[in-house]
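Trainee: Here it is: the structure, laid out below.
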Amino acid sequence: MTSTEPRKPRIVIYGTGQFGQYIARFATRKGWPIVAAYNRAGPKVGRDLGRLAGLDRDIGVIVQDCDTACYDGLDADIGVVTLSNSLTENFPGYRRLLNAGLNVICHGTAAYYPYGCDPALAAEIDALAKANNVTFSGSGIWDMSRIWAGILLAGPCTEIRSLYHSSITDTQRIGKVQMMFTGVGLTTEQFRQRFGSVNTALNTYKTIPEHVLAALGYTISADRVRVEPVVFDAPFYCRLLEREIPAGDCVGTRIVAEIETKEGPTAKAVIELRLFHDGEIEHMFWSVDGEPATRVRTERDDSAHATAACLFNRIPDVIAAPPGIVLLSQMGPMKHTALA
C-alpha cells in the first residue's frame with residue numbers, strides 16, 4: 001500500500017440477513033476487511049459468513065450471537081447495522097458498537113432522520129457517539145432517490161411553495177418478512193384492526209419530506225401521517241404467500257404524510273409498498289411547485305441490491321464524518337465505489 005492509497009475500511013456486520021449478506025459480498029469483492037459478524041440467536045449463528053452470504057467459500061468470519069458476544073478489542077472502523085427499522089429495537093446494537101469505538105451506519109428507516117422519529121433517543125445516540133468520538137448515520141436507497149433527489153431538485157429554485165414526493169415499491173422483491181409488515185393478505189378490516197390509521201413500523205416514512213425540508217433550511221412546525229390499505233379490484237396471486245389474494249383484500253400499504261413549516265412551504269409524500277402487476281416499474285418521483293417548477297423520476301430494477309449498495313458506498317463518508325449523529329444530507333451526494 002502506498003502512502004497515497006486510502007486504507008480500506010474495516011467492517012463489522014451487525015445483522016446477517018438479506019442486506020448484511022449483500023454487504024458481505026460487496027466487501028469481499030472489493031477487498032474491504034470484514035472483522036466480525038453478529039446476528040440474533042438462531043441458525044445463522046456459528047456459520048461462516050462467506051457460506052451464509054452465498055460466496056461458496058469460507059472467509060474465516062464466524063457469525064456470533066449479538067447478545068452474548070464480546071465487543072472488546074474490535075479492530076474495525078465501522079459497524080453496519082441491518083437488524084430492523086426501529087431505533088429502539090436497534091439501540092442495544094448501536095450502544096455495543098459505539099462503545100467499542102466504531103462508527104455506525106444503519107440500514108433502517110428511522111436512522112436516516114432520528115430526530116423526526118424519537119428526539120429523546122436521538123439525543124442519547126448523539127451523545128453516545130460523541131462520547132466515543134465516532135459517527136452515527138443512516139443510509140440505503142433513501143440516500144439517492146428519497147433524500148438527495150429532493151434536495152438537488154430544489155437547488156435551482158428562487159421560490160418554493162411546496163414539495164411533493166411519491167413512490168411505488170414491490171414488496172415481494174424485498175422479502176416475505178418485510179412484505180408482511182405492509183399487511184399483504186389481510187382483509188381491509190383486519191388491516192384497520194391491526195394498524196388503525198397509524199402503522200408504527202411505517203410511520204417513519206414521514207421523515208422523508210421532513211429530512212428534505214430541514215436540509216433546505218426550513219423549520220418543521222406540524223406533521224400529519226396516515227396509513228391505508230391498498231387493494232386491487234381483481235384477484236391477485238402472491239408468490240411469497242403461495243396463494244391468491246381476493247379482490248378487495250389488502251395487497252400493501254399506502255402512507256400519506258403532510259408536513260408544514262414555520263416559513264410557509266409545505267410537503268406531501270404518498271408512498272405505496274405493495275404487490276406489483278406485470279409490467280409495473282419501481283420508481284420514486286419528486287416535484288417542486290416553485291420558481292422554476294421542477295420534477296424528476298428515478299426508476300430501479302432491483303431495490304434490494306440498490307439499497308444495500310447505497311449503504312455500502314456511504315461507508316467511507318461516515319468514517320470521515322465528525323462525531324455524533326451526521327445526516328447523509330450533511331455529507332454531500334453519495335459517491336460510487338466502482339473504482340474501489
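How things are named: the first chain in the C-alpha cells is A, the next is B, and so on; residues count from 1 in each chain; ligands count from 1 in the order shown.
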What are the DSSP strand (DSSP E or B) residues of stretch 187-293 of chain A, as a PyMOL selection string?

Mentor: chain A and resi 220-231+236-238+243-245+250-261+266-274+282-291

Trainee: Restricted to C-alpha atoms, what would the selected residues look like written as a PDB file, in the first residue's frame?

Mentor:
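Done, and the output landed in selection-v3.pdb:
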```pdb
ATOM      1  CA  ILE A 220     -40.895  21.756  10.720  1.00  0.00           C
ATOM      2  CA  SER A 221     -43.958  23.062  12.561  1.00  0.00           C
ATOM      3  CA  ALA A 222     -46.505  20.246  12.100  1.00  0.00           C
ATOM      4  CA  ASP A 223     -46.893  16.826  10.542  1.00  0.00           C
ATOM      5  CA  ARG A 224     -49.791  14.507   9.777  1.00  0.00           C
ATOM      6  CA  VAL A 225     -49.407  10.897   8.700  1.00  0.00           C
ATOM      7  CA  ARG A 226     -51.860   8.120   7.996  1.00  0.00           C
ATOM      8  CA  VAL A 227     -51.725   4.629   6.541  1.00  0.00           C
ATOM      9  CA  GLU A 228     -54.391   2.943   4.462  1.00  0.00           C
ATOM     10  CA  PRO A 229     -54.693  -0.441   2.735  1.00  0.00           C
ATOM     11  CA  VAL A 230     -54.031  -0.746  -0.983  1.00  0.00           C
ATOM     12  CA  VAL A 231     -56.497  -3.064  -2.733  1.00  0.00           C
ATOM     13  CA  PHE A 236     -54.018 -11.401  -7.427  1.00  0.00           C
ATOM     14  CA  TYR A 237     -51.627 -14.334  -6.926  1.00  0.00           C
ATOM     15  CA  CYS A 238     -48.918 -13.606  -4.341  1.00  0.00           C
ATOM     16  CA  ARG A 243     -51.958 -18.151  -2.660  1.00  0.00           C
ATOM     17  CA  GLU A 244     -54.388 -15.871  -4.414  1.00  0.00           C
ATOM     18  CA  ILE A 245     -55.448 -12.695  -2.619  1.00  0.00           C
ATOM     19  CA  CYS A 250     -55.007  -5.845   1.162  1.00  0.00           C
ATOM     20  CA  VAL A 251     -52.076  -6.032  -1.277  1.00  0.00           C
ATOM     21  CA  GLY A 252     -49.975  -3.455   0.563  1.00  0.00           C
ATOM     22  CA  THR A 253     -49.894  -0.153   2.393  1.00  0.00           C
ATOM     23  CA  ARG A 254     -50.178   3.469   1.322  1.00  0.00           C
ATOM     24  CA  ILE A 255     -48.540   6.016   3.618  1.00  0.00           C
ATOM     25  CA  VAL A 256     -49.614   9.647   3.263  1.00  0.00           C
ATOM     26  CA  ALA A 257     -47.593  12.306   5.077  1.00  0.00           C
ATOM     27  CA  GLU A 258     -48.205  16.050   5.078  1.00  0.00           C
ATOM     28  CA  ILE A 259     -45.653  18.452   6.554  1.00  0.00           C
ATOM     29  CA  GLU A 260     -45.909  22.150   7.390  1.00  0.00           C
ATOM     30  CA  THR A 261     -43.094  24.606   8.059  1.00  0.00           C
ATOM     31  CA  THR A 266     -45.351  22.510   2.715  1.00  0.00           C
ATOM     32  CA  ALA A 267     -44.538  18.989   1.598  1.00  0.00           C
ATOM     33  CA  LYS A 268     -46.585  15.894   0.887  1.00  0.00           C
ATOM     34  CA  ALA A 269     -45.448  12.297   0.411  1.00  0.00           C
ATOM     35  CA  VAL A 270     -47.526   9.382  -0.893  1.00  0.00           C
ATOM     36  CA  ILE A 271     -45.644   6.086  -0.522  1.00  0.00           C
ATOM     37  CA  GLU A 272     -47.034   2.749  -1.752  1.00  0.00           C
ATOM     38  CA  LEU A 273     -45.421  -0.507  -0.625  1.00  0.00           C
ATOM     39  CA  ARG A 274     -47.408  -3.203  -2.385  1.00  0.00           C
ATOM     40  CA  GLU A 282     -40.488   0.588  -9.165  1.00  0.00           C
ATOM     41  CA  HIS A 283     -39.935   4.323  -9.100  1.00  0.00           C
ATOM     42  CA  MET A 284     -39.644   7.401  -6.940  1.00  0.00           C
ATOM     43  CA  PHE A 285     -40.890  10.821  -8.006  1.00  0.00           C
ATOM     44  CA  TRP A 286     -40.160  14.325  -6.737  1.00  0.00           C
ATOM     45  CA  SER A 287     -41.629  17.636  -7.843  1.00  0.00           C
ATOM     46  CA  VAL A 288     -41.232  21.203  -6.640  1.00  0.00           C
ATOM     47  CA  ASP A 289     -44.000  23.757  -7.002  1.00  0.00           C
ATOM     48  CA  GLY A 290     -41.911  26.890  -7.201  1.00  0.00           C
ATOM     49  CA  GLU A 291     -39.918  29.142  -9.469  1.00  0.00           C
TER      50      GLU A 291
END
```

Trainee: Near A:Gly116, counting only C-alpha atoms, which residues have an atom at most 12 Å away, once you skip same-chain residues fewer than 5 positions from it, shown as a list in words?

Mentor: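 Near A:Gly116, the qualifying residues are Leu87, Thr109, Ala110, Ala111, Leu121, Ala122, Ala123, Asn203, Thr204, Tyr205, Lys206, Thr207, Ile208, Pro209, Glu210, His211, Val212, Leu213, Ala214, Thr219, Ile220, Ser221, Ala222, Asp223, Ile259 and Leu327 of chain A.
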
Trainee: List as a list in words the protein and nucleic acid residues near stretch 76-83 of chain A, meaning an atom at most 7 Å away when only C-alpha atoms are counted, but skip any in the same chain fewer than 3 places from it.

Mentor: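 Those residues are Pro9, Arg10, Ile11, Val12, Ile13, Tyr14, Gly15, Phe19, Gly20, Val35, Asn90, Leu97, Leu102, Asn103, Val104, Ile105, Cys106, His107, Gly108 and Ile319 of chain A.
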
Trainee: Can you work out the spacing between atom CA of A:Leu240 and atom CA of A:Gln172 in Å, to one decimal?

Mentor: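 Separation between atom CA of A:Leu240 and atom CA of A:Gln172: 6.7 Å.
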
Trainee: Which residues of stretch 16-59 of chain A come within 12 Å of stretch 310-314 of chain A, and for each one, what is the closest pair of atoms and their distance in Å to one decimal, counting only C-alpha atoms, sorted by chain and residue number, as a tab-separated table?

Mentor:
```
residue	atom	partner	partner_atom	distance
A:Phe19	CA	A:Leu311	CA	9.1
A:Gly20	CA	A:Phe312	CA	10.0
A:Gln21	CA	A:Phe312	CA	11.4
A:Tyr22	CA	A:Phe312	CA	8.8
A:Ile23	CA	A:Phe312	CA	6.3
A:Ala24	CA	A:Phe312	CA	9.6
A:Arg25	CA	A:Phe312	CA	10.4
A:Phe26	CA	A:Phe312	CA	7.6
A:Ala27	CA	A:Phe312	CA	8.1
A:Thr28	CA	A:Phe312	CA	11.8
A:Lys30	CA	A:Phe312	CA	10.8
A:Trp32	CA	A:Phe312	CA	10.7
```

Trainee: Could the residues in this selection be written to a file with N, CA and C atoms, as a PDB file, in the first residue's frame?

Mentor:
```pdb
ATOM      1  N   PHE A  19     -29.656  -7.925   3.751  1.00  0.00           N
ATOM      2  CA  PHE A  19     -28.815  -6.765   3.491  1.00  0.00           C
ATOM      3  C   PHE A  19     -27.421  -6.924   4.075  1.00  0.00           C
ATOM      4  N   GLY A  20     -27.310  -7.564   5.229  1.00  0.00           N
ATOM      5  CA  GLY A  20     -25.990  -7.854   5.768  1.00  0.00           C
ATOM      6  C   GLY A  20     -25.195  -8.768   4.850  1.00  0.00           C
ATOM      7  N   GLN A  21     -25.879  -9.711   4.223  1.00  0.00           N
ATOM      8  CA  GLN A  21     -25.204 -10.604   3.277  1.00  0.00           C
ATOM      9  C   GLN A  21     -24.741  -9.861   2.030  1.00  0.00           C
ATOM     10  N   TYR A  22     -25.551  -8.896   1.577  1.00  0.00           N
ATOM     11  CA  TYR A  22     -25.107  -8.051   0.461  1.00  0.00           C
ATOM     12  C   TYR A  22     -23.812  -7.333   0.819  1.00  0.00           C
ATOM     13  N   ILE A  23     -23.784  -6.734   2.016  1.00  0.00           N
ATOM     14  CA  ILE A  23     -22.584  -6.005   2.441  1.00  0.00           C
ATOM     15  C   ILE A  23     -21.384  -6.947   2.483  1.00  0.00           C
ATOM     16  N   ALA A  24     -21.591  -8.163   2.949  1.00  0.00           N
ATOM     17  CA  ALA A  24     -20.503  -9.147   2.991  1.00  0.00           C
ATOM     18  C   ALA A  24     -19.976  -9.430   1.591  1.00  0.00           C
ATOM     19  N   ARG A  25     -20.866  -9.587   0.619  1.00  0.00           N
ATOM     20  CA  ARG A  25     -20.434  -9.867  -0.755  1.00  0.00           C
ATOM     21  C   ARG A  25     -19.698  -8.669  -1.362  1.00  0.00           C
ATOM     22  N   PHE A  26     -20.266  -7.469  -1.168  1.00  0.00           N
ATOM     23  CA  PHE A  26     -19.614  -6.272  -1.700  1.00  0.00           C
ATOM     24  C   PHE A  26     -18.210  -6.116  -1.113  1.00  0.00           C
ATOM     25  N   ALA A  27     -18.122  -6.220   0.227  1.00  0.00           N
ATOM     26  CA  ALA A  27     -16.841  -6.009   0.900  1.00  0.00           C
ATOM     27  C   ALA A  27     -15.805  -7.042   0.455  1.00  0.00           C
ATOM     28  N   THR A  28     -16.214  -8.288   0.328  1.00  0.00           N
ATOM     29  CA  THR A  28     -15.287  -9.340  -0.080  1.00  0.00           C
ATOM     30  C   THR A  28     -14.765  -9.079  -1.490  1.00  0.00           C
ATOM     31  N   LYS A  30     -14.520  -6.206  -2.994  1.00  0.00           N
ATOM     32  CA  LYS A  30     -13.690  -5.007  -3.021  1.00  0.00           C
ATOM     33  C   LYS A  30     -12.411  -5.169  -2.203  1.00  0.00           C
ATOM     34  N   TRP A  32     -12.385  -5.184   1.101  1.00  0.00           N
ATOM     35  CA  TRP A  32     -12.514  -4.454   2.367  1.00  0.00           C
ATOM     36  C   TRP A  32     -12.628  -5.486   3.488  1.00  0.00           C
TER      37      TRP A  32
END
```

Trainee: What does the distance from atom CA of A:Tyr94 to atom CA of A:Phe136 come to in Å, to one decimal?

Mentor: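 Atom CA of A:Phe136 lies at a distance of 8.6 Å from atom CA of A:Tyr94.
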
Trainee: If you measure from atom CA of A:Ser162 to atom CA of A:Asn85, what distance in Å do you get, rounded to one decimal?

Mentor: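 Separating atom CA of A:Ser162 from atom CA of A:Asn85 is a distance of 27.9 Å.
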
Trainee: Of the candidates A:Gly31, A:Pro6, A:Gly185, A:Pro292, which one gets nearest to A:Leu153 if we count only C-alpha atoms?

Mentor: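 Selected residue with least distance to A:Leu153: A:Pro292.
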
Trainee: When DSSP is applied to the backbone of this structure, which of stretch 86-233 of chain A are assigned alpha helix (DSSP H)? Write them out as a PDB file with N, CA and C atoms, in the first residue's frame.

Mentor:
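In the end it all went to selection_14.pdb:
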```
ATOM      1  N   LEU A  87     -35.412   2.472  15.820  1.00  0.00           N
ATOM      2  CA  LEU A  87     -34.311   2.947  16.654  1.00  0.00           C
ATOM      3  C   LEU A  87     -34.256   2.192  17.974  1.00  0.00           C
ATOM      4  N   THR A  88     -35.426   1.996  18.580  1.00  0.00           N
ATOM      5  CA  THR A  88     -35.488   1.327  19.882  1.00  0.00           C
ATOM      6  C   THR A  88     -34.972  -0.109  19.788  1.00  0.00           C
ATOM      7  N   GLU A  89     -35.413  -0.811  18.763  1.00  0.00           N
ATOM      8  CA  GLU A  89     -35.005  -2.204  18.601  1.00  0.00           C
ATOM      9  C   GLU A  89     -33.520  -2.324  18.287  1.00  0.00           C
ATOM     10  N   ASN A  90     -32.996  -1.367  17.550  1.00  0.00           N
ATOM     11  CA  ASN A  90     -31.584  -1.408  17.166  1.00  0.00           C
ATOM     12  C   ASN A  90     -30.647  -0.846  18.234  1.00  0.00           C
ATOM     13  N   PHE A  91     -31.202  -0.122  19.204  1.00  0.00           N
ATOM     14  CA  PHE A  91     -30.343   0.630  20.116  1.00  0.00           C
ATOM     15  C   PHE A  91     -29.318  -0.230  20.860  1.00  0.00           C
ATOM     16  N   PRO A  92     -29.661  -1.428  21.353  1.00  0.00           N
ATOM     17  CA  PRO A  92     -28.622  -2.227  22.007  1.00  0.00           C
ATOM     18  C   PRO A  92     -27.416  -2.473  21.104  1.00  0.00           C
ATOM     19  N   GLY A  93     -27.670  -2.689  19.811  1.00  0.00           N
ATOM     20  CA  GLY A  93     -26.569  -2.862  18.872  1.00  0.00           C
ATOM     21  C   GLY A  93     -25.783  -1.581  18.675  1.00  0.00           C
ATOM     22  N   TYR A  94     -26.490  -0.462  18.539  1.00  0.00           N
ATOM     23  CA  TYR A  94     -25.791   0.820  18.424  1.00  0.00           C
ATOM     24  C   TYR A  94     -24.854   1.021  19.611  1.00  0.00           C
ATOM     25  N   ARG A  95     -25.397   0.793  20.807  1.00  0.00           N
ATOM     26  CA  ARG A  95     -24.628   1.031  22.036  1.00  0.00           C
ATOM     27  C   ARG A  95     -23.383   0.152  22.085  1.00  0.00           C
ATOM     28  N   ARG A  96     -23.538  -1.124  21.729  1.00  0.00           N
ATOM     29  CA  ARG A  96     -22.388  -2.035  21.753  1.00  0.00           C
ATOM     30  C   ARG A  96     -21.292  -1.571  20.798  1.00  0.00           C
ATOM     31  N   LEU A  97     -21.670  -1.196  19.601  1.00  0.00           N
ATOM     32  CA  LEU A  97     -20.687  -0.818  18.595  1.00  0.00           C
ATOM     33  C   LEU A  97     -20.073   0.548  18.877  1.00  0.00           C
ATOM     34  N   LEU A  98     -20.912   1.523  19.258  1.00  0.00           N
ATOM     35  CA  LEU A  98     -20.388   2.852  19.565  1.00  0.00           C
ATOM     36  C   LEU A  98     -19.442   2.799  20.759  1.00  0.00           C
ATOM     37  N   ASN A  99     -19.812   2.045  21.794  1.00  0.00           N
ATOM     38  CA  ASN A  99     -18.944   1.921  22.973  1.00  0.00           C
ATOM     39  C   ASN A  99     -17.653   1.168  22.663  1.00  0.00           C
ATOM     40  N   THR A 109     -35.202   2.752   8.399  1.00  0.00           N
ATOM     41  CA  THR A 109     -35.870   3.995   8.024  1.00  0.00           C
ATOM     42  C   THR A 109     -35.770   5.064   9.104  1.00  0.00           C
ATOM     43  N   ALA A 110     -35.775   4.669  10.367  1.00  0.00           N
ATOM     44  CA  ALA A 110     -35.697   5.658  11.442  1.00  0.00           C
ATOM     45  C   ALA A 110     -34.309   6.264  11.565  1.00  0.00           C
ATOM     46  N   ALA A 111     -33.290   5.557  11.066  1.00  0.00           N
ATOM     47  CA  ALA A 111     -31.908   6.019  11.239  1.00  0.00           C
ATOM     48  C   ALA A 111     -31.561   7.194  10.333  1.00  0.00           C
ATOM     49  N   TYR A 112     -32.298   7.380   9.243  1.00  0.00           N
ATOM     50  CA  TYR A 112     -31.986   8.478   8.327  1.00  0.00           C
ATOM     51  C   TYR A 112     -32.183   9.836   8.995  1.00  0.00           C
ATOM     52  N   PRO A 119     -36.976  12.007  19.237  1.00  0.00           N
ATOM     53  CA  PRO A 119     -35.977  13.024  19.600  1.00  0.00           C
ATOM     54  C   PRO A 119     -35.160  12.672  20.838  1.00  0.00           C
ATOM     55  N   ALA A 120     -35.804  12.074  21.833  1.00  0.00           N
ATOM     56  CA  ALA A 120     -35.086  11.736  23.065  1.00  0.00           C
ATOM     57  C   ALA A 120     -34.028  10.674  22.808  1.00  0.00           C
ATOM     58  N   LEU A 121     -34.398   9.629  22.083  1.00  0.00           N
ATOM     59  CA  LEU A 121     -33.434   8.571  21.792  1.00  0.00           C
ATOM     60  C   LEU A 121     -32.358   9.077  20.827  1.00  0.00           C
ATOM     61  N   ALA A 122     -32.736   9.951  19.908  1.00  0.00           N
ATOM     62  CA  ALA A 122     -31.747  10.546  19.005  1.00  0.00           C
ATOM     63  C   ALA A 122     -30.690  11.306  19.790  1.00  0.00           C
ATOM     64  N   ALA A 123     -31.121  12.064  20.796  1.00  0.00           N
ATOM     65  CA  ALA A 123     -30.179  12.807  21.629  1.00  0.00           C
ATOM     66  C   ALA A 123     -29.246  11.865  22.371  1.00  0.00           C
ATOM     67  N   GLU A 124     -29.781  10.717  22.820  1.00  0.00           N
ATOM     68  CA  GLU A 124     -28.952   9.733  23.521  1.00  0.00           C
ATOM     69  C   GLU A 124     -27.923   9.115  22.583  1.00  0.00           C
ATOM     70  N   ILE A 125     -28.341   8.803  21.362  1.00  0.00           N
ATOM     71  CA  ILE A 125     -27.413   8.241  20.367  1.00  0.00           C
ATOM     72  C   ILE A 125     -26.325   9.252  20.028  1.00  0.00           C
ATOM     73  N   ASP A 126     -26.733  10.506  19.835  1.00  0.00           N
ATOM     74  CA  ASP A 126     -25.776  11.563  19.511  1.00  0.00           C
ATOM     75  C   ASP A 126     -24.739  11.722  20.619  1.00  0.00           C
ATOM     76  N   ALA A 127     -25.212  11.742  21.863  1.00  0.00           N
ATOM     77  CA  ALA A 127     -24.298  11.897  22.995  1.00  0.00           C
ATOM     78  C   ALA A 127     -23.349  10.705  23.110  1.00  0.00           C
ATOM     79  N   LEU A 128     -23.869   9.502  22.875  1.00  0.00           N
ATOM     80  CA  LEU A 128     -23.056   8.292  22.964  1.00  0.00           C
ATOM     81  C   LEU A 128     -21.981   8.289  21.884  1.00  0.00           C
ATOM     82  N   ALA A 129     -22.353   8.695  20.667  1.00  0.00           N
ATOM     83  CA  ALA A 129     -21.381   8.751  19.577  1.00  0.00           C
ATOM     84  C   ALA A 129     -20.290   9.781  19.879  1.00  0.00           C
ATOM     85  N   LYS A 130     -20.694  10.952  20.356  1.00  0.00           N
ATOM     86  CA  LYS A 130     -19.711  11.997  20.662  1.00  0.00           C
ATOM     87  C   LYS A 130     -18.789  11.581  21.801  1.00  0.00           C
ATOM     88  N   ALA A 131     -19.340  10.886  22.795  1.00  0.00           N
ATOM     89  CA  ALA A 131     -18.514  10.447  23.924  1.00  0.00           C
ATOM     90  C   ALA A 131     -17.437   9.466  23.478  1.00  0.00           C
ATOM     91  N   ALA A 149     -32.374  13.344  -4.034  1.00  0.00           N
ATOM     92  CA  ALA A 149     -33.122  13.763  -5.224  1.00  0.00           C
ATOM     93  C   ALA A 149     -33.957  15.000  -4.933  1.00  0.00           C
ATOM     94  N   GLY A 150     -34.614  15.025  -3.768  1.00  0.00           N
ATOM     95  CA  GLY A 150     -35.417  16.176  -3.386  1.00  0.00           C
ATOM     96  C   GLY A 150     -34.577  17.413  -3.133  1.00  0.00           C
ATOM     97  N   ILE A 151     -33.433  17.229  -2.477  1.00  0.00           N
ATOM     98  CA  ILE A 151     -32.549  18.357  -2.188  1.00  0.00           C
ATOM     99  C   ILE A 151     -32.020  18.974  -3.479  1.00  0.00           C
ATOM    100  N   LEU A 152     -31.530  18.135  -4.383  1.00  0.00           N
ATOM    101  CA  LEU A 152     -30.946  18.634  -5.626  1.00  0.00           C
ATOM    102  C   LEU A 152     -31.996  19.268  -6.532  1.00  0.00           C
ATOM    103  N   LEU A 153     -33.214  18.697  -6.514  1.00  0.00           N
ATOM    104  CA  LEU A 153     -34.275  19.232  -7.366  1.00  0.00           C
ATOM    105  C   LEU A 153     -34.640  20.652  -6.966  1.00  0.00           C
ATOM    106  N   ALA A 154     -34.575  20.940  -5.674  1.00  0.00           N
ATOM    107  CA  ALA A 154     -34.931  22.278  -5.196  1.00  0.00           C
ATOM    108  C   ALA A 154     -33.808  23.288  -5.393  1.00  0.00           C
ATOM    109  N   LYS A 176     -40.257 -11.793   2.267  1.00  0.00           N
ATOM    110  CA  LYS A 176     -41.542 -12.065   2.899  1.00  0.00           C
ATOM    111  C   LYS A 176     -41.706 -11.343   4.232  1.00  0.00           C
ATOM    112  N   VAL A 177     -40.652 -11.303   5.048  1.00  0.00           N
ATOM    113  CA  VAL A 177     -40.760 -10.661   6.359  1.00  0.00           C
ATOM    114  C   VAL A 177     -41.123  -9.185   6.197  1.00  0.00           C
ATOM    115  N   GLN A 178     -40.399  -8.491   5.312  1.00  0.00           N
ATOM    116  CA  GLN A 178     -40.689  -7.078   5.084  1.00  0.00           C
ATOM    117  C   GLN A 178     -42.073  -6.905   4.461  1.00  0.00           C
ATOM    118  N   MET A 179     -42.443  -7.797   3.559  1.00  0.00           N
ATOM    119  CA  MET A 179     -43.746  -7.705   2.902  1.00  0.00           C
ATOM    120  C   MET A 179     -44.881  -7.793   3.909  1.00  0.00           C
ATOM    121  N   MET A 180     -44.752  -8.667   4.910  1.00  0.00           N
ATOM    122  CA  MET A 180     -45.830  -8.860   5.862  1.00  0.00           C
ATOM    123  C   MET A 180     -46.060  -7.620   6.727  1.00  0.00           C
ATOM    124  N   THR A 188     -59.404  -5.774   4.610  1.00  0.00           N
ATOM    125  CA  THR A 188     -59.291  -4.361   4.989  1.00  0.00           C
ATOM    126  C   THR A 188     -59.679  -4.149   6.451  1.00  0.00           C
ATOM    127  N   GLU A 189     -60.613  -4.957   6.944  1.00  0.00           N
ATOM    128  CA  GLU A 189     -60.992  -4.837   8.352  1.00  0.00           C
ATOM    129  C   GLU A 189     -59.851  -5.293   9.254  1.00  0.00           C
ATOM    130  N   GLN A 190     -59.199  -6.394   8.893  1.00  0.00           N
ATOM    131  CA  GLN A 190     -58.042  -6.858   9.659  1.00  0.00           C
ATOM    132  C   GLN A 190     -56.919  -5.821   9.635  1.00  0.00           C
ATOM    133  N   PHE A 191     -56.728  -5.189   8.482  1.00  0.00           N
ATOM    134  CA  PHE A 191     -55.719  -4.143   8.359  1.00  0.00           C
ATOM    135  C   PHE A 191     -56.001  -3.012   9.347  1.00  0.00           C
ATOM    136  N   ARG A 192     -57.253  -2.560   9.382  1.00  0.00           N
ATOM    137  CA  ARG A 192     -57.603  -1.448  10.271  1.00  0.00           C
ATOM    138  C   ARG A 192     -57.509  -1.846  11.738  1.00  0.00           C
ATOM    139  N   GLN A 193     -57.877  -3.104  12.051  1.00  0.00           N
ATOM    140  CA  GLN A 193     -57.764  -3.558  13.429  1.00  0.00           C
ATOM    141  C   GLN A 193     -56.307  -3.627  13.868  1.00  0.00           C
ATOM    142  N   ARG A 194     -55.429  -4.027  12.967  1.00  0.00           N
ATOM    143  CA  ARG A 194     -54.019  -4.165  13.317  1.00  0.00           C
ATOM    144  C   ARG A 194     -53.307  -2.825  13.371  1.00  0.00           C
ATOM    145  N   PHE A 195     -53.591  -1.970  12.392  1.00  0.00           N
ATOM    146  CA  PHE A 195     -52.822  -0.741  12.265  1.00  0.00           C
ATOM    147  C   PHE A 195     -53.585   0.526  12.639  1.00  0.00           C
ATOM    148  N   THR A 207     -40.554  11.029   7.676  1.00  0.00           N
ATOM    149  CA  THR A 207     -39.283  11.743   7.806  1.00  0.00           C
ATOM    150  C   THR A 207     -38.626  12.014   6.456  1.00  0.00           C
ATOM    151  N   ILE A 208     -39.146  11.416   5.374  1.00  0.00           N
ATOM    152  CA  ILE A 208     -38.587  11.731   4.050  1.00  0.00           C
ATOM    153  C   ILE A 208     -38.775  13.215   3.735  1.00  0.00           C
ATOM    154  N   PRO A 209     -40.025  13.719   3.680  1.00  0.00           N
ATOM    155  CA  PRO A 209     -40.173  15.158   3.421  1.00  0.00           C
ATOM    156  C   PRO A 209     -39.621  16.025   4.549  1.00  0.00           C
ATOM    157  N   GLU A 210     -39.689  15.535   5.805  1.00  0.00           N
ATOM    158  CA  GLU A 210     -39.127  16.308   6.914  1.00  0.00           C
ATOM    159  C   GLU A 210     -37.623  16.509   6.737  1.00  0.00           C
ATOM    160  N   HIS A 211     -36.933  15.438   6.384  1.00  0.00           N
ATOM    161  CA  HIS A 211     -35.481  15.497   6.202  1.00  0.00           C
ATOM    162  C   HIS A 211     -35.120  16.467   5.075  1.00  0.00           C
ATOM    163  N   VAL A 212     -35.833  16.365   3.954  1.00  0.00           N
ATOM    164  CA  VAL A 212     -35.537  17.241   2.815  1.00  0.00           C
ATOM    165  C   VAL A 212     -35.809  18.698   3.171  1.00  0.00           C
ATOM    166  N   LEU A 213     -36.954  18.981   3.795  1.00  0.00           N
ATOM    167  CA  LEU A 213     -37.263  20.354   4.180  1.00  0.00           C
ATOM    168  C   LEU A 213     -36.221  20.900   5.154  1.00  0.00           C
ATOM    169  N   ALA A 214     -35.822  20.094   6.124  1.00  0.00           N
ATOM    170  CA  ALA A 214     -34.810  20.540   7.084  1.00  0.00           C
ATOM    171  C   ALA A 214     -33.483  20.817   6.384  1.00  0.00           C
ATOM    172  N   ALA A 215     -33.116  19.950   5.429  1.00  0.00           N
ATOM    173  CA  ALA A 215     -31.872  20.145   4.688  1.00  0.00           C
ATOM    174  C   ALA A 215     -31.913  21.408   3.843  1.00  0.00           C
TER     175      ALA A 215
END
```

Trainee: With a distance cut-off of 8 Å and only C-alpha atoms, select the neighbouring residues of A:Asn133, excluding the residue or stretch itself and same-chain residues fewer than 5 positions from it, and output the selection as a list in words.

Mentor: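 The filter keeps Gly101, Pro322, Pro323 and Gly324 of chain A.
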
Trainee: Give me a file of those residues, with N, CA and C atoms, as an mmCIF file, in the first residue's frame.

Mentor:
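Written output follows (selection_39.cif):
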```
data_model
loop_
_atom_site.group_PDB
_atom_site.id
_atom_site.type_symbol
_atom_site.label_atom_id
_atom_site.label_comp_id
_atom_site.auth_asym_id
_atom_site.auth_seq_id
_atom_site.Cartn_x
_atom_site.Cartn_y
_atom_site.Cartn_z
ATOM 1 N N GLY A 101 -16.003 1.843 20.105
ATOM 2 C CA GLY A 101 -15.213 2.800 19.337
ATOM 3 C C GLY A 101 -15.404 2.717 17.843
ATOM 4 N N PRO A 322 -17.573 13.978 11.243
ATOM 5 C CA PRO A 322 -17.302 14.333 12.636
ATOM 6 C C PRO A 322 -18.130 13.491 13.608
ATOM 7 N N PRO A 323 -17.798 13.503 14.892
ATOM 8 C CA PRO A 323 -18.523 12.687 15.874
ATOM 9 C C PRO A 323 -19.977 13.135 16.042
ATOM 10 N N GLY A 324 -20.810 12.176 16.481
ATOM 11 C CA GLY A 324 -22.220 12.447 16.715
ATOM 12 C C GLY A 324 -23.078 11.949 15.570
#
```

Trainee: Of the candidates A:Leu49, A:Arg29, A:Tyr113, A:Cys66, which one gets nearest to A:Asp143 if we count only C-alpha atoms?

Mentor: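 Closest residue, counting only C-alpha atoms: A:Tyr113.
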
Trainee: For A:Pro333, work out the shell of residues within 8 Å, counting only C-alpha atoms and skipping chain neighbours fewer than 3 positions away, then give it as a ChimeraX atom specification.

Mentor: /A:144,148,329
